[in-house]
>>> print(open('structure32.cif').read())   # mmCIF, C-alpha atoms
data_protein
#
loop_
_atom_site.label_atom_id
_atom_site.label_comp_id
_atom_site.auth_asym_id
_atom_site.auth_seq_id
_atom_site.Cartn_x
_atom_site.Cartn_y
_atom_site.Cartn_z
CA MET M 1 34.93 10.60 54.61
CA SER M 2 38.55 10.01 55.69
CA LYS M 3 41.45 9.95 53.22
CA ALA M 4 41.82 6.18 53.73
CA ASN M 5 38.14 5.69 52.93
CA ARG M 6 38.41 7.85 49.82
CA ILE M 7 41.43 5.85 48.65
CA ASP M 8 39.48 2.63 49.25
CA ARG M 9 36.56 3.97 47.24
CA LEU M 10 38.91 5.02 44.45
CA LYS M 11 40.50 1.57 44.58
CA GLU M 12 37.11 -0.04 43.99
CA ILE M 13 36.57 2.23 40.98
CA ILE M 14 39.90 1.43 39.34
CA LYS M 15 39.90 -2.30 40.19
CA PRO M 16 38.13 -3.44 36.96
CA TYR M 17 40.78 -1.68 34.87
CA VAL M 18 43.84 -3.21 36.58
CA GLU M 19 44.92 -6.52 35.05
CA ASP M 20 47.29 -7.48 37.89
CA ALA M 21 45.29 -7.27 41.16
CA ASP M 22 48.52 -7.48 43.22
CA LYS M 23 49.39 -3.98 42.04
CA LEU M 24 46.42 -2.63 44.03
CA LYS M 25 47.74 -3.88 47.38
CA ASP M 26 50.14 -1.03 48.13
CA ILE M 27 48.21 1.79 46.54
CA ASP M 28 48.78 5.25 48.04
CA GLU M 29 48.69 8.90 46.95
CA SER M 30 51.89 8.57 44.92
CA THR M 31 50.57 5.63 42.87
CA LYS M 32 50.44 6.49 39.16
CA PHE M 33 47.56 5.00 37.17
CA ILE M 34 49.50 4.27 33.97
CA ASP M 35 53.08 3.77 35.22
CA ASP M 36 52.44 1.88 38.47
CA LEU M 37 49.10 0.15 37.90
CA ALA M 38 49.63 -0.46 34.16
CA ILE M 39 46.18 0.90 33.36
CA ASN M 40 45.78 1.50 29.64
CA SER M 41 45.23 5.18 28.91
CA ALA M 42 41.95 4.34 27.15
CA HIS M 43 40.59 3.30 30.53
CA LEU M 44 41.57 6.54 32.22
CA VAL M 45 38.48 8.05 30.63
CA ASP M 46 36.38 5.23 32.06
CA ILE M 47 37.88 5.87 35.50
CA ILE M 48 37.21 9.60 35.27
CA LEU M 49 33.57 8.99 34.34
CA ASP M 50 33.22 6.44 37.15
CA VAL M 51 34.72 8.93 39.64
CA GLU M 52 32.25 11.57 38.48
CA ASP M 53 29.36 9.19 39.05
CA ALA M 54 30.60 7.80 42.37
CA PHE M 55 31.24 11.20 43.94
CA ASP M 56 28.50 13.06 42.05
CA ILE M 57 30.90 15.63 40.63
CA ARG M 58 31.88 16.91 37.17
CA ILE M 59 35.56 16.96 36.26
CA GLU M 60 36.58 19.62 33.74
CA ASN M 61 39.06 18.86 30.96
CA ASP M 62 41.81 21.03 32.43
CA GLU M 63 41.46 19.09 35.70
CA MET M 64 41.41 15.77 33.85
CA GLU M 65 44.79 16.62 32.25
CA GLN M 66 46.49 16.29 35.63
CA MET M 67 44.58 13.26 36.88
CA LEU M 68 47.38 10.76 36.39
CA ASP M 69 47.88 9.54 39.94
CA VAL M 70 45.86 8.76 43.08
CA GLY M 71 46.96 11.96 44.84
CA ALA M 72 45.82 14.19 41.97
CA ALA M 73 42.52 12.33 41.76
CA LEU M 74 41.91 12.78 45.50
CA GLN M 75 42.74 16.51 45.30
CA ILE M 76 40.20 16.98 42.51
CA ILE M 77 37.57 14.95 44.37
CA ASP M 78 38.20 16.98 47.57
CA LYS M 79 37.96 20.28 45.72
CA LYS M 80 34.81 19.31 43.86
CA THR M 81 32.98 17.75 46.80
CA ALA M 82 33.85 20.74 49.01
CA SER M 83 32.33 23.17 46.52
CA SER M 84 29.19 21.14 45.81
CA MET U 1 59.84 10.51 16.19
CA ILE U 2 58.28 7.17 17.05
CA GLY U 3 54.98 6.64 18.87
CA ASN U 4 52.48 3.79 18.81
CA ASP U 5 49.27 2.55 20.40
CA VAL U 6 47.16 -0.59 20.29
CA ILE U 7 43.61 -1.37 21.37
CA ASP U 8 42.49 -4.94 21.97
CA LEU U 9 38.96 -4.88 20.60
CA ALA U 10 37.75 -7.79 22.74
CA TYR U 11 38.97 -6.14 25.91
CA GLN U 12 37.77 -2.77 24.76
CA VAL U 13 34.23 -3.95 24.12
CA LYS U 14 34.13 -5.20 27.69
CA LEU U 15 35.51 -2.14 29.42
CA PHE U 16 35.38 0.95 27.28
CA LYS U 17 32.10 2.75 27.45
CA ALA U 18 30.32 3.29 24.17
CA PHE U 19 30.97 6.55 22.38
CA LYS U 20 27.43 7.64 22.90
CA SER U 21 27.43 10.07 25.76
CA ASP U 22 28.21 13.73 25.25
CA ARG U 23 29.94 13.71 28.61
CA LEU U 24 32.48 11.16 27.37
CA ASN U 25 32.87 12.61 23.90
CA HIS U 26 33.74 16.07 25.21
CA LYS U 27 36.55 14.57 27.28
CA ILE U 28 38.10 12.81 24.28
CA PHE U 29 37.40 14.68 21.08
CA THR U 30 38.23 18.13 19.69
CA PRO U 31 35.46 20.38 18.31
CA ASN U 32 36.44 19.32 14.76
CA GLU U 33 36.12 15.66 15.69
CA LEU U 34 32.86 16.20 17.55
CA ALA U 35 31.42 17.73 14.37
CA ARG U 36 32.25 14.50 12.52
CA LEU U 37 31.08 12.04 15.17
CA ASN U 38 27.93 11.07 13.31
CA HIS U 39 30.00 10.10 10.25
CA ASP U 40 32.36 7.80 12.17
CA ASP U 41 31.60 4.19 13.03
CA SER U 42 32.83 2.71 16.33
CA LEU U 43 36.03 1.34 14.80
CA SER U 44 36.89 4.73 13.34
CA LEU U 45 36.41 6.34 16.74
CA LEU U 46 38.63 3.76 18.39
CA ARG U 47 41.19 4.27 15.62
CA ARG U 48 41.17 7.99 16.32
CA TRP U 49 41.94 7.11 19.95
CA THR U 50 45.00 5.03 18.98
CA MET U 51 46.18 7.85 16.70
CA LYS U 52 45.87 10.37 19.52
CA GLU U 53 47.88 8.16 21.85
CA ALA U 54 50.58 7.39 19.28
CA ALA U 55 50.96 11.10 18.41
CA TYR U 56 50.98 12.05 22.11
CA LYS U 57 53.91 9.68 22.73
CA ALA U 58 55.91 11.08 19.82
CA HIS U 59 55.15 14.68 20.83
CA GLN U 60 56.03 14.06 24.47
CA ARG U 61 59.37 12.53 23.44
CA ILE U 62 60.25 15.35 21.03
CA TYR U 63 59.58 18.12 23.55
CA GLN U 64 60.42 16.13 26.72
CA LEU U 65 57.09 17.03 28.30
CA LYS U 66 55.69 15.94 31.64
CA PRO U 67 52.97 13.29 31.22
CA LYS U 68 49.45 14.62 30.93
CA PHE U 69 46.09 13.31 29.82
CA ASN U 70 44.79 15.58 27.11
CA PRO U 71 43.12 13.61 24.28
CA PHE U 72 40.68 16.50 23.72
CA GLN U 73 43.62 18.67 22.55
CA ILE U 74 44.80 16.26 19.84
CA ASP U 75 42.93 16.71 16.58
CA THR U 76 42.85 13.69 14.27
CA HIS U 77 41.92 13.43 10.62
CA LEU U 78 41.25 10.15 8.83
CA ILE U 79 42.51 10.26 5.23
CA ASP U 80 41.62 6.69 4.25
CA ALA U 81 41.38 3.26 5.88
CA LYS U 82 45.07 3.32 6.82
CA GLN U 83 46.45 6.84 6.69
CA GLY U 84 45.62 9.74 8.94
CA THR U 85 47.03 12.79 10.70
CA ALA U 86 47.08 14.12 14.24
CA LYS U 87 47.74 17.72 15.21
CA ILE U 88 49.07 18.71 18.62
CA GLN U 89 49.44 22.47 18.98
CA ASP U 90 51.42 23.40 15.82
CA HIS U 91 52.90 19.97 15.25
CA ASN U 92 51.38 17.69 12.61
CA PHE U 93 51.99 13.95 12.64
CA ASN U 94 51.27 11.49 9.84
CA LEU U 95 50.09 8.13 11.09
CA SER U 96 49.43 4.66 9.73
CA SER U 97 46.79 2.39 11.25
CA THR U 98 46.03 -1.30 10.88
CA THR U 99 42.59 -2.55 11.80
CA SER U 100 41.94 -6.29 12.19
CA LYS U 101 39.05 -8.16 13.74
CA ASP U 102 41.01 -8.33 17.00
CA CYS U 103 42.84 -5.04 17.35
CA ILE U 104 43.63 -1.58 16.04
CA PHE U 105 47.27 -0.50 15.91
CA SER U 106 48.50 2.98 14.97
CA SER U 107 52.01 4.38 14.71
CA VAL U 108 53.52 7.71 13.73
CA ASP U 109 55.16 7.67 10.29
CA THR U 110 58.81 8.67 10.29
CA VAL U 111 61.38 9.39 7.60
CA GLN U 112 63.58 6.67 9.06
CA HIS U 113 62.46 3.09 8.50
CA GLN U 114 60.78 1.61 11.55
CA ILE U 115 60.01 -1.88 12.74
CA ASN U 116 56.91 -2.88 14.72
CA LEU U 117 57.50 -5.89 16.95
CA ASN U 118 54.64 -7.95 18.33
CA TYR U 119 55.76 -9.51 21.62
CA THR U 120 54.32 -11.73 24.33
CA SER U 121 56.53 -10.82 27.31
CA ASP U 122 59.35 -8.44 28.21
CA GLN U 123 61.76 -11.37 27.83
CA HIS U 124 60.39 -12.07 24.36
CA LEU U 125 60.86 -8.44 23.34
CA LEU U 126 64.46 -8.36 24.59
CA HIS U 127 65.16 -11.58 22.71
CA GLN U 128 63.83 -10.09 19.47
CA LEU U 129 65.85 -6.90 19.96
CA CYS U 130 69.04 -8.89 20.60
CA LEU U 131 68.48 -10.84 17.37
CA LEU U 132 67.79 -7.69 15.38
CA PHE U 133 70.84 -5.83 16.64
CA ASP U 134 73.04 -8.92 16.76
CA THR U 135 73.97 -8.50 20.39
CA LYS U 136 73.65 -10.46 23.62
CA SER U 137 72.65 -7.66 25.94
CA ILE U 138 69.95 -5.03 25.62
CA HIS U 139 67.96 -3.45 28.38
CA ILE U 140 64.95 -1.15 28.36
CA CYS U 141 64.54 1.74 30.82
CA LYS U 142 62.06 4.54 31.29
CA ASP U 143 63.28 8.02 32.20
CA GLU U 144 61.76 10.36 34.79
CA LEU U 145 59.10 11.38 32.24
CA ASN U 146 58.22 7.68 31.79
CA ILE U 147 59.56 7.72 28.21
CA PRO U 148 61.11 4.35 27.31
CA SER U 149 64.45 3.80 25.56
CA PHE U 150 66.65 0.80 25.06
CA TYR U 151 70.35 0.65 25.71
CA LEU U 152 72.63 -1.02 23.20
CA ASN U 153 76.32 -0.96 24.07
CA ASN U 154 76.78 2.75 24.86
CA GLN U 155 73.93 3.95 22.69
CA VAL U 156 70.46 5.04 23.81
CA LYS U 157 67.78 4.28 21.23
CA PRO U 158 64.11 5.26 21.28
CA ILE U 159 61.43 2.62 21.66
CA SER U 160 57.68 3.07 21.91
CA LEU U 161 55.72 0.47 23.85
CA THR U 162 52.01 -0.22 23.94
CA LYS U 163 50.04 -2.95 25.70
CA HIS U 164 46.33 -3.61 25.81
CA GLY U 165 44.64 -6.89 26.65
CA LYS U 166 46.50 -9.67 24.89
CA PHE U 167 48.39 -7.36 22.49
CA LYS U 168 51.86 -5.99 23.10
CA TRP U 169 53.69 -3.99 20.42
CA ALA U 170 57.02 -2.18 20.33
CA THR U 171 58.14 0.26 17.65
CA ILE U 172 61.81 0.99 16.99
CA TYR U 173 63.94 2.40 14.22
CA SER U 174 65.48 -0.21 11.96
CA PRO U 175 69.05 -1.25 12.94
CA ASN U 176 70.25 0.20 9.62
CA CYS U 177 69.13 3.72 10.55
#
>>> encode(input="structure32.cif", output="structure tokens")
Amino acid sequence: MSKANRIDRLKEIIKPYVEDADKLKDIDESTKFIDDLAINSAHLVDIILDVEDAFDIRIENDEMEQMLDVGAALQIIDKKTASS
Amino acid sequence: MIGNDVIDLAYQVKLFKAFKSDRLNHKIFTPNELARLNHDDSLSLLRRWTMKEAAYKAHQRIYQLKPKFNPFQIDTHLIDAKQGTAKIQDHNFNLSSTTSKDCIFSSVDTVQHQINLNYTSDQHLLHQLCLLFDTKSIHICKDELNIPSFYLNNQVKPISLTKHGKFKWATIYSPNC
């Protein structure tokens, strides 16, 4: 799966948690979930669980700590899918 | 140091997954909290969440830390329906919570008197701040760590902001402090 496809898949996962859909238009690796997309931190847990299910991976707590932007999420997904 | 957090219960019911799966619980709660899970109702669990977030904001501001997502490292203790504590590393915070039928709001208790402002828009918040501080110009900025402050004349003052669903709250120190 290409990086663009993985970002699109991630975008679908986070869409229900973004109140202003316009914020999703210019999403890229530098996009921060809380600061840029105004996602409430409570929903970061939802997103992490949804990512686990969508990519069939398990994200450890020390990895979750850093999962605050699209780039970090993609790195974790890449690492986990490569090792599975 | 100030720190606050609100959860809109209507919005939360729709989007936040129930605290029923071990997978979720181990990402949110400390071992102490996990041992108490069966004694907590849903509102208490959500209250613990707001306490964690409020304490995290205060702790991050005190130590000027990079943002991270580590609710499982923040240990909360509920003293009664309003008062509680949160421990992050060696730092203990006392917190007050208000639970209504619509929302749960928690803030870190401070020695200095604080004011919690309920606002509907950024403009509305600025208007309230201008009235409180008897000035015509206030602006709010976030620093490189995403910690917000407001600027009054040449002074930088801390402000904690939280938004969820239809609720928006700001916490500041009283103008007399």
>>> atom_distance(input="structure32.cif", atom1="CA of Ile88 in chain U", atom2="CA of Ile147 in chain U")
18.0 Å
>>> residues_near_point(input="structure32.cif", point="(30.5, 17.8, 41.8)", cutoff="7 Å", atoms="all atoms listed in the file", output="ChimeraX atom specification")
/M:55-58,80-81,84
>>> resolve_selection(input="structure32.cif", expression="the PyMOL selection byres ((chain M) within 9 of (chain U))", output="PyMOL selection string")
chain M and resi 16-17+19+35+38-46+49+60-62+64-68
>>> write_last_selection(input="structure32.cif", atoms="C-alpha atoms", output="short mmCIF file (atom, residue, chain, number, x, y, z; two decimals), in the frame of the given file")
data_model
loop_
_atom_site.label_atom_id
_atom_site.label_comp_id
_atom_site.auth_asym_id
_atom_site.auth_seq_id
_atom_site.Cartn_x
_atom_site.Cartn_y
_atom_site.Cartn_z
CA PRO M 16 38.13 -3.44 36.96
CA TYR M 17 40.78 -1.68 34.87
CA GLU M 19 44.92 -6.52 35.05
CA ASP M 35 53.08 3.77 35.22
CA ALA M 38 49.63 -0.46 34.16
CA ILE M 39 46.18 0.90 33.36
CA ASN M 40 45.78 1.50 29.64
CA SER M 41 45.23 5.18 28.91
CA ALA M 42 41.95 4.34 27.15
CA HIS M 43 40.59 3.30 30.53
CA LEU M 44 41.57 6.54 32.22
CA VAL M 45 38.48 8.05 30.63
CA ASP M 46 36.38 5.23 32.06
CA LEU M 49 33.57 8.99 34.34
CA GLU M 60 36.58 19.62 33.74
CA ASN M 61 39.06 18.86 30.96
CA ASP M 62 41.81 21.03 32.43
CA MET M 64 41.41 15.77 33.85
CA GLU M 65 44.79 16.62 32.25
CA GLN M 66 46.49 16.29 35.63
CA MET M 67 44.58 13.26 36.88
CA LEU M 68 47.38 10.76 36.39
#
>>> closest_residue(input="structure32.cif", among="M:Asp78, M:Asp69, M:Ser83, M:Lys25", to="Ser2 in chain M", atoms="only C-alpha atoms")
M:Asp78
>>> atom_distance(input="structure32.cif", atom1="CA of Val70 in chain M", atom2="CA of Glu29 in chain M")
4.8 Å
>>> build_atoms(input="structure32.cif", residues="range 62-91 of chain U", atoms="N, CA and C atoms", output="short mmCIF file (atom, residue, chain, number, x, y, z; two decimals), in the frame of the given file")
data_model
loop_
_atom_site.label_atom_id
_atom_site.label_comp_id
_atom_site.auth_asym_id
_atom_site.auth_seq_id
_atom_site.Cartn_x
_atom_site.Cartn_y
_atom_site.Cartn_z
N ILE U 62 59.56 14.26 21.74
CA ILE U 62 60.25 15.35 21.03
C ILE U 62 60.51 16.52 21.98
N TYR U 63 59.47 16.91 22.72
CA TYR U 63 59.58 18.12 23.55
C TYR U 63 59.89 17.84 25.01
N GLN U 64 60.08 16.52 25.34
CA GLN U 64 60.42 16.13 26.72
C GLN U 64 59.44 16.74 27.71
N LEU U 65 58.15 16.44 27.49
CA LEU U 65 57.09 17.03 28.30
C LEU U 65 56.70 16.12 29.46
N LYS U 66 56.24 16.73 30.54
CA LYS U 66 55.69 15.94 31.64
C LYS U 66 54.44 15.22 31.14
N PRO U 67 54.18 14.01 31.66
CA PRO U 67 52.97 13.29 31.22
C PRO U 67 51.71 14.08 31.55
N LYS U 68 50.77 14.07 30.63
CA LYS U 68 49.45 14.62 30.93
C LYS U 68 48.41 13.88 30.10
N PHE U 69 47.17 14.05 30.47
CA PHE U 69 46.09 13.31 29.82
C PHE U 69 45.19 14.32 29.11
N ASN U 70 45.47 14.51 27.81
CA ASN U 70 44.79 15.58 27.11
C ASN U 70 44.29 15.16 25.71
N PRO U 71 43.57 14.05 25.61
CA PRO U 71 43.12 13.61 24.28
C PRO U 71 42.27 14.65 23.56
N PHE U 72 41.58 15.50 24.32
CA PHE U 72 40.68 16.50 23.72
C PHE U 72 41.46 17.63 23.04
N GLN U 73 42.80 17.64 23.20
CA GLN U 73 43.62 18.67 22.55
C GLN U 73 44.35 18.14 21.32
N ILE U 74 44.11 16.88 20.97
CA ILE U 74 44.80 16.26 19.84
C ILE U 74 43.77 16.02 18.74
N ASP U 75 43.93 16.74 17.64
CA ASP U 75 42.93 16.71 16.58
C ASP U 75 43.34 15.72 15.49
N THR U 76 42.51 14.71 15.27
CA THR U 76 42.85 13.69 14.27
C THR U 76 42.03 13.86 13.00
N HIS U 77 42.61 13.39 11.92
CA HIS U 77 41.92 13.43 10.62
C HIS U 77 42.17 12.09 9.92
N LEU U 78 41.11 11.43 9.51
CA LEU U 78 41.25 10.15 8.83
C LEU U 78 41.27 10.40 7.33
N ILE U 79 42.39 10.04 6.68
CA ILE U 79 42.51 10.26 5.23
C ILE U 79 41.87 9.10 4.47
N ASP U 80 42.25 7.88 4.83
CA ASP U 80 41.62 6.69 4.25
C ASP U 80 41.63 5.60 5.31
N ALA U 81 41.48 4.35 4.90
CA ALA U 81 41.38 3.26 5.88
C ALA U 81 42.67 3.05 6.67
N LYS U 82 43.78 3.54 6.14
CA LYS U 82 45.07 3.32 6.82
C LYS U 82 45.77 4.61 7.25
N GLN U 83 45.68 5.62 6.44
CA GLN U 83 46.45 6.84 6.69
C GLN U 83 45.61 7.90 7.41
N GLY U 84 46.30 8.66 8.25
CA GLY U 84 45.62 9.74 8.94
C GLY U 84 46.63 10.73 9.49
N THR U 85 46.15 11.80 10.09
CA THR U 85 47.03 12.79 10.70
C THR U 85 46.54 13.11 12.11
N ALA U 86 47.45 13.63 12.91
CA ALA U 86 47.08 14.12 14.24
C ALA U 86 47.83 15.43 14.47
N LYS U 87 47.12 16.42 14.97
CA LYS U 87 47.74 17.72 15.21
C LYS U 87 47.74 18.01 16.70
N ILE U 88 48.93 18.30 17.22
CA ILE U 88 49.07 18.71 18.62
C ILE U 88 49.72 20.08 18.61
N GLN U 89 48.99 21.07 19.10
CA GLN U 89 49.44 22.47 18.98
C GLN U 89 49.80 22.72 17.52
N ASP U 90 51.07 23.11 17.22
CA ASP U 90 51.42 23.40 15.82
C ASP U 90 52.12 22.23 15.14
N HIS U 91 52.15 21.10 15.79
CA HIS U 91 52.90 19.97 15.25
C HIS U 91 51.95 18.96 14.60
#
